[in-house]
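Asker: Sharing a structure below in structure tokens format, with a few things to ask.
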Amino acid sequence: MVTETNTHVSAIKIEDLTVAYRDKPVLWDVDLDVPAGVLMAVSGPNGAGKTTLIKSILGLIKPVAGQVQVFGMSYRQNRKTVAYVPQKSSVDWDFPTDVLDVVLMGRYGHLGWIKRPGKKDKDLAKEALDKVGMLHLSYRQINQLSGGQKQRVFLARALVQDAMVYLMDEPFQGIDAVTERTIIGLLKELRSLGKTVLVVHHDLQTVKEYFDRIALLNIRLIVAGAVDDIFTDENLKKTYGGLKTF
Amino acid sequence: MLGEIFSDYTLRTVSIGSAVVGACGAVIGSFAVLRRQSLVGDALTHSALPGIVLAFIVTGSKDISVLLTGAFISAFIGAAFMRFIIKNTQIKEDTSLGIVLSVFFGLGIVLLTYVQKQPDATQAGLETFLFGQAATIMQRDVVFMSVVMLVILGVVFTFWKEFKLLVFDAEYGQSSGFNMRYMDILLTVLMVLAIVLGLQTVGVVLMSAMVVAPAASARQWTDKMGIMVLLSAVFGAFSAVIGAVVSSLYTKLPTGPVIVVVLSSVVFVSLVLSPRRGIFWQLVKYEKNKRALRLEATLAALRELSMQHEDKCHGHEECVLRVMKSEGAPLGKTLRLLSQKGWATEVTRGKWAITEEGLKEADKFLHLIKDNNQ
Amino acid sequence: MTTPQVEVLLIAVMVAACCSLPGVFLVLRGEAMATDAISHSILFGIVIAFLIVKDISSPFLLVGAALTGVLMVAIVEIITNTKLVREDASIGLVFPFLFSVGVILIAKKIGNVHIDTDAVLLGEIAFAPFDRLVIYGYDLGPKALYVLSGIFILNVLFITIFYKELKLSTFDPGLSTTLGFPSKVIHYCLMAIASLTAVGAFDAVGVVLVVALMIVPAAASYLLVEKLYLMIVVSLIIALVSSVSGFFIATQMDISIAGTISVTAGLCFVGIFFFAPRRGIIFLIAKKTRQKLDFAHLMLLVHISNHEKLQERYNENNVREIYKHLNWERIYTSTVIHMAINRGTVVDNKGVLSLSNKGKQHVIETIMK
């Protein structure tokens with residue numbers, strides 16, 4: 001394992017994070033440092049705590065021990081620098097609203113309580129929709145979207161948050177090839193703009209192609225670092241218990 | 001009858017009061033239905049009953065604001081109890097609703113029978129809260145109700161954006177810095193308020209329908225949340241007024257059930273006839289799709305047959321086509337439609353061949369199918 | 001106690017016993033609110049059947065009304081399948097309608113003859129002994145008692161004969177269907193049984209309190225025991241206890257018997273909710289405090305083992321620094337460290353903590369299992 005030089009800026013710094021549901025630990029003493037400006041995958045078997053990790057960073061789950069810092073501050077203090085893309089199955093797509101409206105929700109965090117989105121927010125939302133190739137569907141009812149389109153809407157919503165850090169929970173799950181290419185293109189673009197992207201990722205085949213860093217998780221953090229260094233058969237065996245090899 | 005409403009003082013009061021009740025229940029109901037909490041309303045209304053009777057026992061007053069305050073408190077305790085059970089045990093939400101609903105209602109009935117045994121007759125009329133009696137609405141009640149309505153609508157309007165987040169994607173809302181637990185509690189308070197307001201008119205037993213039915217109907221007519229809430233309010237107010245007026249015109253006819261019957265017809269029309277979503281239009285679309293699919297399948301079969309022959313115009317027996325499509329659908333009709341479109345011709349009687357035009361068409365959609373499979 | 005009083009008590013006990021049996025399965029399947037929907041819908045069937053046969057205790061009425069319950073379940077399923085509204089909403093649409101039509105018919109057509117709108121909600125258990133079964137001039141007791149006994153036997157038969165199928169389809173509907181016991185068929189059978197029971201109980205306790213008797217004992221016993229057959233037995237016992245105590249309290253205070261029974265059932269639930277061994281609130285709180293310390297101990301061990309590499313341990317595993325890394329209170333941390341040292345899992349080596357062999361063993365056992 002390559003030790004990090006201490007000169008880099010950490011976008012996310014997780015220290016000794018332990019999370020438990022009732023008395024069952026889901027994450028055990030995880031230490032993870034995500035340097036700013038990287039595109040990092042979080043992989044591991046089902047039930048490894050990947051989603052829990054993302055949610056703990058966002059302060060959605062209260063840990064039993066440990067802490068998470070975003071650019072050296074707590075999430076609460078620094079939440080405007082973080083954008084979140086949940087699993088698309090987490091919401092009811094029969095909800096009566098259209099694409100633009102969902103994307104506008106990305107502006108709510110900046111607006112704060114009570115204030116409504118205005119023209120500026122709408123323009124930003126449309127810009128983001130254009131980036132994901134969905135501008136022509138701005139007024140489409142959300143239940144008429146395909147899986148890939150739904151994912152693009154969520155991505156656009158995160159884009160209008162105009163954040164420094166993007167947390168994404170399985171954005172490549174159940175989408176078409178075109179959308180997958182669009183999304184990875186955008187993620188790489190975000191990285192080139194100096195943003196940090198952390199992605200829960202299942203498909204080990206594409207790790208080398210898509211990401212520069214990876215964290216292998218199975219309740220404990222098995223290993224984290226540059227894909228070239230640590231994405232090895234041995235580490236995968238440690239993570240997946242020998243069930244899966246690359 | 002419309003003229004009667006405006007000339008008759010009592011009827012006018014009753015109508016306005018009912019409209020307020022209907023609109024409030026319907027607005028808050030929209031959120032409940034979208035959150036899949038339709039039956040929570042049922043549990044909350046039932047748990048309001050002991051509060052009404054206790055408020056009377058404690059104060060001796062039958063003033064509507066006093067009774068409804070009691071109802072509010074006990075319904076809120078019911079809601080808190082439900083959460084407490086779900087949070088601390090393995091009991092499912094459904095069961096905790098049932099427990100709160102039936103036990104609180106049982107307590108209400110016990111208190112009601114206790115009050116009724118008292119020698120003085122001041123308690124008379126409390127039982128109208130079971131099925132509702134719109135005729136008991138007084139003018140000062142209407143004022144009280146309108147104030148509550150303004151509060152409810154004001155809060156909904158003010159926190160519109162936050163409520164939308166809560167209903168659509170609460171976790172995302174939380175991550176955007178909005179405390180969704182507060183919003184959840186606020187919505188529960190509003191729901192209890194709206195429900196309690198309707199108890200006098202619609203009654204404990206059926207108020208839940210006032211929450212679910214207008215919202216479920218409105219959802220069918222629109223894909224926008226704002227319009228859904230407005231439309232729901234209109235449906236709710238309309239049904240409540242009709243129900244209240246009808247029940248006032250007949251003796252011994254409780255208001256709640258009449259309103260529910262009116263609401264149910266609105267629901268029925270919405271589910272069946274609403275454009276795009278309605279069952280009727282769905283069936284029409286389904287038939288259309290089926291016909292298009294039949295056309296394509298037959299055309300594909302003809303195309304395949306024509307590939308096997310040098311002579312493109314060689315006719316093929318209907319029975320061969322039937323076997324290839326392996327279905328007993330009306331083949332004759334489909335073939336006639338094809339020939340009308342100029343995609344197939346009947347070479348000799350009962351023998352069919354694909355045309356040039358038809359070949360092009362078949363290629364077009366066969367490619368399409370391939371694209372989708374990729 | 002007078003004879004009619006004994007008869008009322010017997011009826012109350014039988015109603016509670018009948019209801020608690022199907023209730024167990026409804027609670028386990030997460031279909032508790034179906035009882036509310038069923039009990040309201042059967043009013044429609046009772047009224048229609050009464051208008052036809054003109055006899056409130058006719059077996060035709062019993063069956064006819066029970067069928068409305070099943071019909072309601074089917075309508076809800078049809079509406080849900082259109083995907084226009086969710087299941088909870090479609091339940092909330094169907095049963096109020098059927099119930100309302102029933103109430104209107106009673107108010108306009110039947111009046112006070114046999115059922116009135118108040119009795120619909122309260123039940124008339126006190127009047128049940130007046131409707132007697134008389135054969136060849138012999139008075140054999142209240143009819144309701146026979147009807148309820150019949151329903152009870154049917155419920156017991158249903159549950160014992162189809163015990164295996166009910167159990168399987170409750171815990172794994174998919175597996176049940178693939179093994180040849182279609183969970184849908186079992187679902188409808190259960191709904192039919194629940195409907196019939198609700199119709200039988202309607203006269204005595206009205207539409208809402210049926211729900212209390214079906215769900216509350218079952219939910220209480222769910223907190224008490226873990227085996228299915230035990231759950232059935234315990235919920236039967238709770239139903240009996242609440243019906244008997246409810247009866248005596250109600251007659252003493254001259255209040256609604258049915259209402260009191262549901263309140264006593266509720267009190268049983270609350271008592272069990274707080275005091276049940278293993279699942280009661282008080283027990284859970286005690287357990288949580290204990291577990292929290294155990295868990296903290298383990299967390300400490302894991303933390304130490306994760307940072308035992310030379311260069312970090314002086315910082316990460318330092319007695320005075322470790323609370324910062326774990327984000328714990330300082331005092332709490334020292335309590336946990338003391339506990340660990342006492343248990344012999346951690347060794348304090350000049351201010352730097354490390355695991356003893358026992359501690360290492362402990363970490364491996366819990367993490368690797």
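Following the order of the structure tokens, first chain is A, next is B, and so on, with residues numbered from 1 inside each chain and ligands from 1 in the order they appear.
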Output as an mmCIF file with N, CA and C atoms, in the first residue's frame all residues of segment 8-244 of chain A that backbone DSSP marks as strand (DSSP E).
Answerer:
```
data_model
loop_
_atom_site.group_PDB
_atom_site.id
_atom_site.type_symbol
_atom_site.label_atom_id
_atom_site.label_comp_id
_atom_site.auth_asym_id
_atom_site.auth_seq_id
_atom_site.Cartn_x
_atom_site.Cartn_y
_atom_site.Cartn_z
ATOM 1 N N SER A 10 -7.751 17.047 1.986
ATOM 2 C CA SER A 10 -8.772 16.004 2.034
ATOM 3 C C SER A 10 -10.134 16.626 1.790
ATOM 4 N N ALA A 11 -10.881 16.065 0.833
ATOM 5 C CA ALA A 11 -12.252 16.516 0.633
ATOM 6 C C ALA A 11 -13.118 15.911 1.728
ATOM 7 N N ILE A 12 -12.957 14.610 1.913
ATOM 8 C CA ILE A 12 -13.700 13.926 2.969
ATOM 9 C C ILE A 12 -12.702 13.174 3.826
ATOM 10 N N LYS A 13 -12.821 13.335 5.120
ATOM 11 C CA LYS A 13 -11.934 12.609 6.016
ATOM 12 C C LYS A 13 -12.808 11.862 7.025
ATOM 13 N N ILE A 14 -12.792 10.551 6.923
ATOM 14 C CA ILE A 14 -13.586 9.729 7.832
ATOM 15 C C ILE A 14 -12.633 9.106 8.835
ATOM 16 N N GLU A 15 -12.939 9.284 10.126
ATOM 17 C CA GLU A 15 -12.047 8.750 11.145
ATOM 18 C C GLU A 15 -12.803 7.803 12.061
ATOM 19 N N ASP A 16 -12.318 6.588 12.136
ATOM 20 C CA ASP A 16 -12.804 5.600 13.108
ATOM 21 C C ASP A 16 -14.324 5.523 13.141
ATOM 22 N N LEU A 17 -14.941 5.536 11.981
ATOM 23 C CA LEU A 17 -16.404 5.561 11.905
ATOM 24 C C LEU A 17 -16.988 4.174 12.178
ATOM 25 N N THR A 18 -17.821 4.103 13.203
ATOM 26 C CA THR A 18 -18.557 2.872 13.477
ATOM 27 C C THR A 18 -20.041 3.188 13.460
ATOM 28 N N VAL A 19 -20.783 2.416 12.677
ATOM 29 C CA VAL A 19 -22.227 2.609 12.597
ATOM 30 C C VAL A 19 -22.894 1.284 12.915
ATOM 31 N N ALA A 20 -23.968 1.337 13.697
ATOM 32 C CA ALA A 20 -24.678 0.106 14.030
ATOM 33 C C ALA A 20 -26.178 0.327 13.914
ATOM 34 N N TYR A 21 -26.886 -0.675 13.378
ATOM 35 C CA TYR A 21 -28.337 -0.679 13.436
ATOM 36 C C TYR A 21 -28.720 -1.562 14.611
ATOM 37 N N LYS A 24 -26.364 -4.368 15.736
ATOM 38 C CA LYS A 24 -25.612 -5.034 14.688
ATOM 39 C C LYS A 24 -24.725 -4.023 13.960
ATOM 40 N N PRO A 25 -23.398 -4.201 14.021
ATOM 41 C CA PRO A 25 -22.525 -3.237 13.362
ATOM 42 C C PRO A 25 -22.615 -3.340 11.843
ATOM 43 N N VAL A 26 -22.708 -2.184 11.176
ATOM 44 C CA VAL A 26 -22.759 -2.152 9.714
ATOM 45 C C VAL A 26 -21.433 -1.636 9.182
ATOM 46 N N LEU A 27 -20.812 -0.773 9.956
ATOM 47 C CA LEU A 27 -19.473 -0.300 9.612
ATOM 48 C C LEU A 27 -18.626 -0.382 10.874
ATOM 49 N N TRP A 28 -17.424 -0.938 10.748
ATOM 50 C CA TRP A 28 -16.552 -1.131 11.898
ATOM 51 C C TRP A 28 -15.317 -0.273 11.755
ATOM 52 N N ASP A 29 -15.221 0.762 12.538
ATOM 53 C CA ASP A 29 -13.998 1.536 12.647
ATOM 54 C C ASP A 29 -13.353 1.846 11.287
ATOM 55 N N VAL A 30 -14.089 2.524 10.455
ATOM 56 C CA VAL A 30 -13.595 2.821 9.107
ATOM 57 C C VAL A 30 -12.811 4.136 9.102
ATOM 58 N N ASP A 31 -11.625 4.095 8.548
ATOM 59 C CA ASP A 31 -10.843 5.310 8.304
ATOM 60 C C ASP A 31 -10.719 5.474 6.802
ATOM 61 N N LEU A 32 -11.132 6.616 6.299
ATOM 62 C CA LEU A 32 -11.018 6.811 4.854
ATOM 63 C C LEU A 32 -10.732 8.270 4.568
ATOM 64 N N ASP A 33 -9.748 8.488 3.738
ATOM 65 C CA ASP A 33 -9.381 9.838 3.374
ATOM 66 C C ASP A 33 -9.597 9.980 1.874
ATOM 67 N N VAL A 34 -10.518 10.849 1.482
ATOM 68 C CA VAL A 34 -10.749 11.069 0.057
ATOM 69 C C VAL A 34 -10.108 12.397 -0.313
ATOM 70 N N PRO A 35 -8.988 12.352 -1.035
ATOM 71 C CA PRO A 35 -8.329 13.609 -1.395
ATOM 72 C C PRO A 35 -9.189 14.402 -2.371
ATOM 73 N N LEU A 39 -11.667 10.858 -8.464
ATOM 74 C CA LEU A 39 -12.874 10.137 -8.835
ATOM 75 C C LEU A 39 -12.727 8.757 -8.197
ATOM 76 N N MET A 40 -13.485 8.526 -7.124
ATOM 77 C CA MET A 40 -13.241 7.346 -6.316
ATOM 78 C C MET A 40 -14.456 6.433 -6.274
ATOM 79 N N ALA A 41 -14.190 5.136 -6.405
ATOM 80 C CA ALA A 41 -15.261 4.146 -6.303
ATOM 81 C C ALA A 41 -15.269 3.555 -4.901
ATOM 82 N N VAL A 42 -16.468 3.240 -4.416
ATOM 83 C CA VAL A 42 -16.590 2.467 -3.184
ATOM 84 C C VAL A 42 -17.226 1.145 -3.579
ATOM 85 N N SER A 43 -16.471 0.052 -3.410
ATOM 86 C CA SER A 43 -17.006 -1.241 -3.830
ATOM 87 C C SER A 43 -16.937 -2.238 -2.687
ATOM 88 N N ALA A 65 -19.629 5.843 16.844
ATOM 89 C CA ALA A 65 -18.333 6.424 17.197
ATOM 90 C C ALA A 65 -17.680 6.961 15.938
ATOM 91 N N GLY A 66 -16.709 7.811 16.109
ATOM 92 C CA GLY A 66 -15.973 8.339 14.975
ATOM 93 C C GLY A 66 -16.595 9.603 14.426
ATOM 94 N N GLN A 67 -15.946 10.152 13.407
ATOM 95 C CA GLN A 67 -16.441 11.397 12.847
ATOM 96 C C GLN A 67 -16.126 11.515 11.367
ATOM 97 N N VAL A 68 -16.885 12.414 10.734
ATOM 98 C CA VAL A 68 -16.685 12.665 9.318
ATOM 99 C C VAL A 68 -16.450 14.156 9.146
ATOM 100 N N GLN A 69 -15.450 14.503 8.358
ATOM 101 C CA GLN A 69 -15.234 15.910 8.086
ATOM 102 C C GLN A 69 -15.228 16.155 6.592
ATOM 103 N N VAL A 70 -15.840 17.257 6.205
ATOM 104 C CA VAL A 70 -15.849 17.667 4.811
ATOM 105 C C VAL A 70 -15.034 18.954 4.730
ATOM 106 N N VAL A 82 -21.532 19.869 -0.627
ATOM 107 C CA VAL A 82 -21.750 18.454 -0.931
ATOM 108 C C VAL A 82 -23.050 18.256 -1.700
ATOM 109 N N ALA A 83 -22.990 17.512 -2.792
ATOM 110 C CA ALA A 83 -24.197 17.155 -3.543
ATOM 111 C C ALA A 83 -24.400 15.656 -3.454
ATOM 112 N N TYR A 84 -25.647 15.250 -3.487
ATOM 113 C CA TYR A 84 -25.978 13.850 -3.221
ATOM 114 C C TYR A 84 -26.858 13.296 -4.326
ATOM 115 N N VAL A 85 -26.496 12.130 -4.832
ATOM 116 C CA VAL A 85 -27.338 11.426 -5.797
ATOM 117 C C VAL A 85 -27.759 10.097 -5.175
ATOM 118 N N VAL A 165 -18.079 18.456 -3.674
ATOM 119 C CA VAL A 165 -18.018 17.008 -3.487
ATOM 120 C C VAL A 165 -19.333 16.401 -3.967
ATOM 121 N N TYR A 166 -19.233 15.322 -4.753
ATOM 122 C CA TYR A 166 -20.440 14.641 -5.229
ATOM 123 C C TYR A 166 -20.454 13.218 -4.690
ATOM 124 N N LEU A 167 -21.527 12.869 -3.988
ATOM 125 C CA LEU A 167 -21.677 11.511 -3.462
ATOM 126 C C LEU A 167 -22.773 10.819 -4.241
ATOM 127 N N MET A 168 -22.455 9.680 -4.839
ATOM 128 C CA MET A 168 -23.446 9.023 -5.695
ATOM 129 C C MET A 168 -23.619 7.569 -5.297
ATOM 130 N N ASP A 169 -24.870 7.181 -5.131
ATOM 131 C CA ASP A 169 -25.171 5.823 -4.717
ATOM 132 C C ASP A 169 -25.630 5.003 -5.928
ATOM 133 N N THR A 196 -14.553 16.631 -6.322
ATOM 134 C CA THR A 196 -14.300 15.295 -5.805
ATOM 135 C C THR A 196 -15.568 14.459 -5.976
ATOM 136 N N VAL A 197 -15.406 13.259 -6.498
ATOM 137 C CA VAL A 197 -16.584 12.427 -6.728
ATOM 138 C C VAL A 197 -16.391 11.068 -6.072
ATOM 139 N N LEU A 198 -17.353 10.687 -5.250
ATOM 140 C CA LEU A 198 -17.302 9.396 -4.572
ATOM 141 C C LEU A 198 -18.522 8.590 -5.016
ATOM 142 N N VAL A 199 -18.271 7.428 -5.602
ATOM 143 C CA VAL A 199 -19.352 6.688 -6.238
ATOM 144 C C VAL A 199 -19.429 5.269 -5.690
ATOM 145 N N VAL A 200 -20.613 4.875 -5.211
ATOM 146 C CA VAL A 200 -20.828 3.469 -4.867
ATOM 147 C C VAL A 200 -20.962 2.709 -6.178
ATOM 148 N N ARG A 213 -9.332 6.073 -8.156
ATOM 149 C CA ARG A 213 -9.157 5.549 -6.806
ATOM 150 C C ARG A 213 -10.293 4.630 -6.444
ATOM 151 N N ILE A 214 -10.046 3.781 -5.464
ATOM 152 C CA ILE A 214 -11.103 2.878 -5.027
ATOM 153 C C ILE A 214 -10.954 2.575 -3.542
ATOM 154 N N ALA A 215 -12.104 2.421 -2.883
ATOM 155 C CA ALA A 215 -12.100 1.953 -1.502
ATOM 156 C C ALA A 215 -12.841 0.630 -1.490
ATOM 157 N N LEU A 216 -12.194 -0.428 -1.017
ATOM 158 C CA LEU A 216 -12.859 -1.729 -0.939
ATOM 159 C C LEU A 216 -13.371 -1.907 0.482
ATOM 160 N N LEU A 217 -14.683 -2.166 0.573
ATOM 161 C CA LEU A 217 -15.338 -2.127 1.869
ATOM 162 C C LEU A 217 -16.066 -3.441 2.112
ATOM 163 N N ASN A 218 -15.899 -3.972 3.289
ATOM 164 C CA ASN A 218 -16.788 -5.047 3.704
ATOM 165 C C ASN A 218 -16.951 -4.958 5.223
ATOM 166 N N ARG A 220 -15.654 -3.636 7.414
ATOM 167 C CA ARG A 220 -14.422 -2.906 7.687
ATOM 168 C C ARG A 220 -13.877 -2.392 6.366
ATOM 169 N N LEU A 221 -13.088 -1.338 6.424
ATOM 170 C CA LEU A 221 -12.427 -0.897 5.209
ATOM 171 C C LEU A 221 -11.278 -1.865 4.943
ATOM 172 N N ILE A 222 -11.334 -2.557 3.803
ATOM 173 C CA ILE A 222 -10.283 -3.521 3.520
ATOM 174 C C ILE A 222 -9.023 -2.790 3.075
ATOM 175 N N VAL A 223 -9.210 -1.944 2.053
ATOM 176 C CA VAL A 223 -8.069 -1.177 1.588
ATOM 177 C C VAL A 223 -8.587 -0.018 0.734
ATOM 178 N N ALA A 224 -7.831 1.075 0.696
ATOM 179 C CA ALA A 224 -8.222 2.190 -0.150
ATOM 180 C C ALA A 224 -6.978 2.817 -0.752
ATOM 181 N N GLY A 225 -7.108 3.295 -1.970
ATOM 182 C CA GLY A 225 -5.956 3.934 -2.599
ATOM 183 C C GLY A 225 -6.138 4.018 -4.104
ATOM 184 N N ALA A 226 -5.031 4.238 -4.807
ATOM 185 C CA ALA A 226 -5.082 4.360 -6.256
ATOM 186 C C ALA A 226 -5.448 3.016 -6.875
#
```
Asker: Counting only C-alpha atoms, what are the residues of chain A within 9 Å of chain B, and for each of them which pair of atoms is the nearest and at what distance in Å, to one decimal? Sort the table by chain and rising number, as a tab-separated table.
Answerer:
```
residue	atom	partner	partner_atom	distance
A:Lys55	CA	B:Ser175	CA	8.8
A:Leu58	CA	B:Ser175	CA	5.9
A:Gly59	CA	B:Ser175	CA	7.2
A:Leu60	CA	B:Ser175	CA	6.8
A:Arg76	CA	B:Gly177	CA	7.5
A:Arg79	CA	B:Ser176	CA	7.1
A:Lys80	CA	B:Ser176	CA	7.5
A:Val82	CA	B:Ser175	CA	8.7
A:Ala83	CA	B:Ser176	CA	8.2
A:Tyr84	CA	B:Tyr172	CA	7.2
A:Val85	CA	B:Tyr172	CA	8.2
A:Pro86	CA	B:Tyr172	CA	7.4
A:Ser90	CA	B:Asp169	CA	7.7
A:Val91	CA	B:Asp169	CA	6.0
A:Asp92	CA	B:Phe168	CA	6.8
A:Trp93	CA	B:Phe168	CA	8.7
A:Asp94	CA	B:Asp223	CA	8.9
A:Phe95	CA	B:Phe168	CA	6.9
A:Pro96	CA	B:Asp223	CA	4.3
A:Thr97	CA	B:Lys224	CA	4.9
A:Asp98	CA	B:Lys224	CA	7.3
A:Met105	CA	B:Leu165	CA	7.5
A:Gly106	CA	B:Ser176	CA	8.1
A:Arg107	CA	B:Ser176	CA	8.9
A:Tyr108	CA	B:Ser176	CA	7.0
A:Gly109	CA	B:Ser176	CA	4.5
A:His110	CA	B:Ser176	CA	8.1
A:Gly112	CA	B:Gly177	CA	7.7
A:Trp113	CA	B:Phe178	CA	7.4
A:Ile114	CA	B:Phe159	CA	5.7
A:Lys115	CA	B:Lys161	CA	8.2
A:Arg116	CA	B:Lys161	CA	7.0
A:Pro117	CA	B:Lys161	CA	9.0
A:Gln141	CA	B:Asp223	CA	6.6
A:Ile142	CA	B:Asp223	CA	8.9
A:Asp176	CA	B:Gln374	CA	8.9
A:Ala177	CA	B:Gln374	CA	8.8
```
Asker: Check which residues of chain C sit at most 8 Å from chain B using only C-alpha atoms, and return one row each with the closest pair of atoms and their distance in Å to one decimal, ordered by chain and rising number, as a tab-separated table.
Answerer:
```
residue	atom	partner	partner_atom	distance
C:Val27	CA	B:Thr95	CA	6.1
C:Gly30	CA	B:Asp94	CA	6.0
C:Glu31	CA	B:Asp94	CA	6.6
C:Ala32	CA	B:Thr95	CA	5.0
C:Met33	CA	B:Gly98	CA	5.8
C:Asp36	CA	B:Gly98	CA	7.4
C:Thr82	CA	B:Ile279	CA	7.3
C:Leu84	CA	B:Arg277	CA	7.1
C:Val85	CA	B:Ala216	CA	6.6
C:Arg86	CA	B:Arg36	CA	7.0
C:Asp88	CA	B:Ser38	CA	5.7
C:Ala89	CA	B:Ser38	CA	5.2
C:Gly92	CA	B:Leu39	CA	6.3
C:Leu93	CA	B:Ala213	CA	6.0
C:Pro96	CA	B:Ala209	CA	6.3
C:Phe97	CA	B:Val261	CA	6.0
C:Phe99	CA	B:Pro257	CA	7.8
C:Ser100	CA	B:Pro257	CA	4.3
C:Val101	CA	B:Pro257	CA	6.9
C:Val103	CA	B:Pro257	CA	6.8
C:Ile104	CA	B:Pro257	CA	6.6
C:Ala107	CA	B:Leu253	CA	6.1
C:Lys108	CA	B:Leu253	CA	7.2
C:Leu122	CA	B:Ile109	CA	7.3
C:Val208	CA	B:Ser102	CA	6.1
C:Leu209	CA	B:Ser102	CA	5.8
C:Val211	CA	B:Ser102	CA	5.9
C:Ala212	CA	B:Ser102	CA	4.9
C:Ile215	CA	B:Ile99	CA	6.6
C:Val216	CA	B:Ile99	CA	5.7
C:Ala219	CA	B:Ile91	CA	7.1
C:Tyr222	CA	B:Ile91	CA	7.9
C:Leu223	CA	B:Thr89	CA	7.7
C:Asp254	CA	B:Tyr114	CA	7.3
C:Ile255	CA	B:Thr113	CA	5.3
C:Ser256	CA	B:Val110	CA	5.4
C:Ile257	CA	B:Val110	CA	8.0
C:Ala258	CA	B:Gly106	CA	7.4
C:Gly259	CA	B:Gly106	CA	4.2
C:Thr260	CA	B:Val110	CA	6.0
C:Ile261	CA	B:Gly106	CA	7.9
C:Ser262	CA	B:Gly106	CA	5.5
C:Val263	CA	B:Val103	CA	5.5
C:Ala265	CA	B:Val103	CA	7.7
C:Gly266	CA	B:Val103	CA	5.6
C:Arg279	CA	B:Thr89	CA	7.2
C:Ile281	CA	B:Asn88	CA	7.1
```
Asker: From the set A:Ile54, A:Val132, A:Leu124, A:Val9, which residue has the shortest atom-to-atom contact distance to Gln87 of chain A, counting only C-alpha atoms?
Answerer: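 Under the stated criterion, the closest residue is A:Ile54.
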Asker: Please find the residues of chain C near chain A - the criterion being any atom within 8 Å, counting only C-alpha atoms - and write them as a short mmCIF file (atom, residue, chain, number, x, y, z; two decimals) with N, CA and C atoms, in the first residue's frame.
Answerer:
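For reference, part_4.cif as written:
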```cif
data_model
loop_
_atom_site.label_atom_id
_atom_site.label_comp_id
_atom_site.auth_asym_id
_atom_site.auth_seq_id
_atom_site.Cartn_x
_atom_site.Cartn_y
_atom_site.Cartn_z
N GLN C 291 -25.70 -3.36 26.52
CA GLN C 291 -25.12 -3.63 25.20
C GLN C 291 -24.21 -2.50 24.74
N PHE C 295 -20.63 -3.03 23.51
CA PHE C 295 -20.33 -2.64 22.14
C PHE C 295 -19.17 -1.64 22.12
N MET C 299 -15.71 -1.90 20.28
CA MET C 299 -15.27 -0.85 19.36
C MET C 299 -13.84 -0.41 19.69
N VAL C 302 -11.48 -3.00 18.43
CA VAL C 302 -11.32 -2.94 16.98
C VAL C 302 -10.46 -1.76 16.59
N HIS C 303 -10.72 -0.64 17.27
CA HIS C 303 -9.94 0.56 16.97
C HIS C 303 -8.45 0.31 17.23
N ASN C 306 -6.98 -1.96 14.63
CA ASN C 306 -6.84 -1.32 13.32
C ASN C 306 -5.61 -0.41 13.25
N HIS C 325 -10.31 10.40 18.66
CA HIS C 325 -10.48 9.64 17.43
C HIS C 325 -11.84 8.95 17.38
N LEU C 326 -12.29 8.49 18.52
CA LEU C 326 -13.58 7.81 18.55
C LEU C 326 -14.74 8.79 18.64
N ASN C 327 -14.40 10.05 18.89
CA ASN C 327 -15.43 11.08 19.04
C ASN C 327 -16.36 10.77 20.21
N TRP C 328 -15.76 10.30 21.31
CA TRP C 328 -16.53 9.99 22.51
C TRP C 328 -16.28 11.04 23.57
#
```
Asker: Atom CA of Ala220 of chain C to atom CA of Leu190 of chain C: how many Å, to one decimal?
Answerer: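 Separation between atom CA of Ala220 of chain C and atom CA of Leu190 of chain C: 20.5 Å.
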Asker: So that I can see what lies close to Leu105 of chain C, please list as a list in words the residues with an atom at most 9 Å from it, counting only C-alpha atoms and leaving out residues fewer than 4 positions away in the same chain.
Answerer: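 The residues satisfying every condition are Phe44, Val47, Ile48, Ser100, Val101, Lys109, Ile110 and Gly111 of chain C.
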Asker: If you keep C-alpha atoms, can you produce a file of those selected residues as a short mmCIF file (atom, residue, chain, number, x, y, z; two decimals), in the first residue's frame?
Answerer:
```cif
data_model
loop_
_atom_site.label_atom_id
_atom_site.label_comp_id
_atom_site.auth_asym_id
_atom_site.auth_seq_id
_atom_site.Cartn_x
_atom_site.Cartn_y
_atom_site.Cartn_z
CA PHE C 44 -73.25 -3.39 3.61
CA VAL C 47 -78.05 -4.70 5.54
CA ILE C 48 -78.65 -6.04 2.04
CA SER C 100 -71.76 4.53 4.13
CA VAL C 101 -74.27 2.84 1.87
CA LYS C 109 -85.08 1.77 5.29
CA ILE C 110 -84.68 -0.19 8.49
CA GLY C 111 -84.78 2.41 11.22
#
```
Asker: Determine which residues of segment 243-313 of chain B receive a DSSP assignment of alpha helix (DSSP H), computed from the backbone, and state them as a ChimeraX atom specification.
Answerer: /B:243-249,255-273,279-307
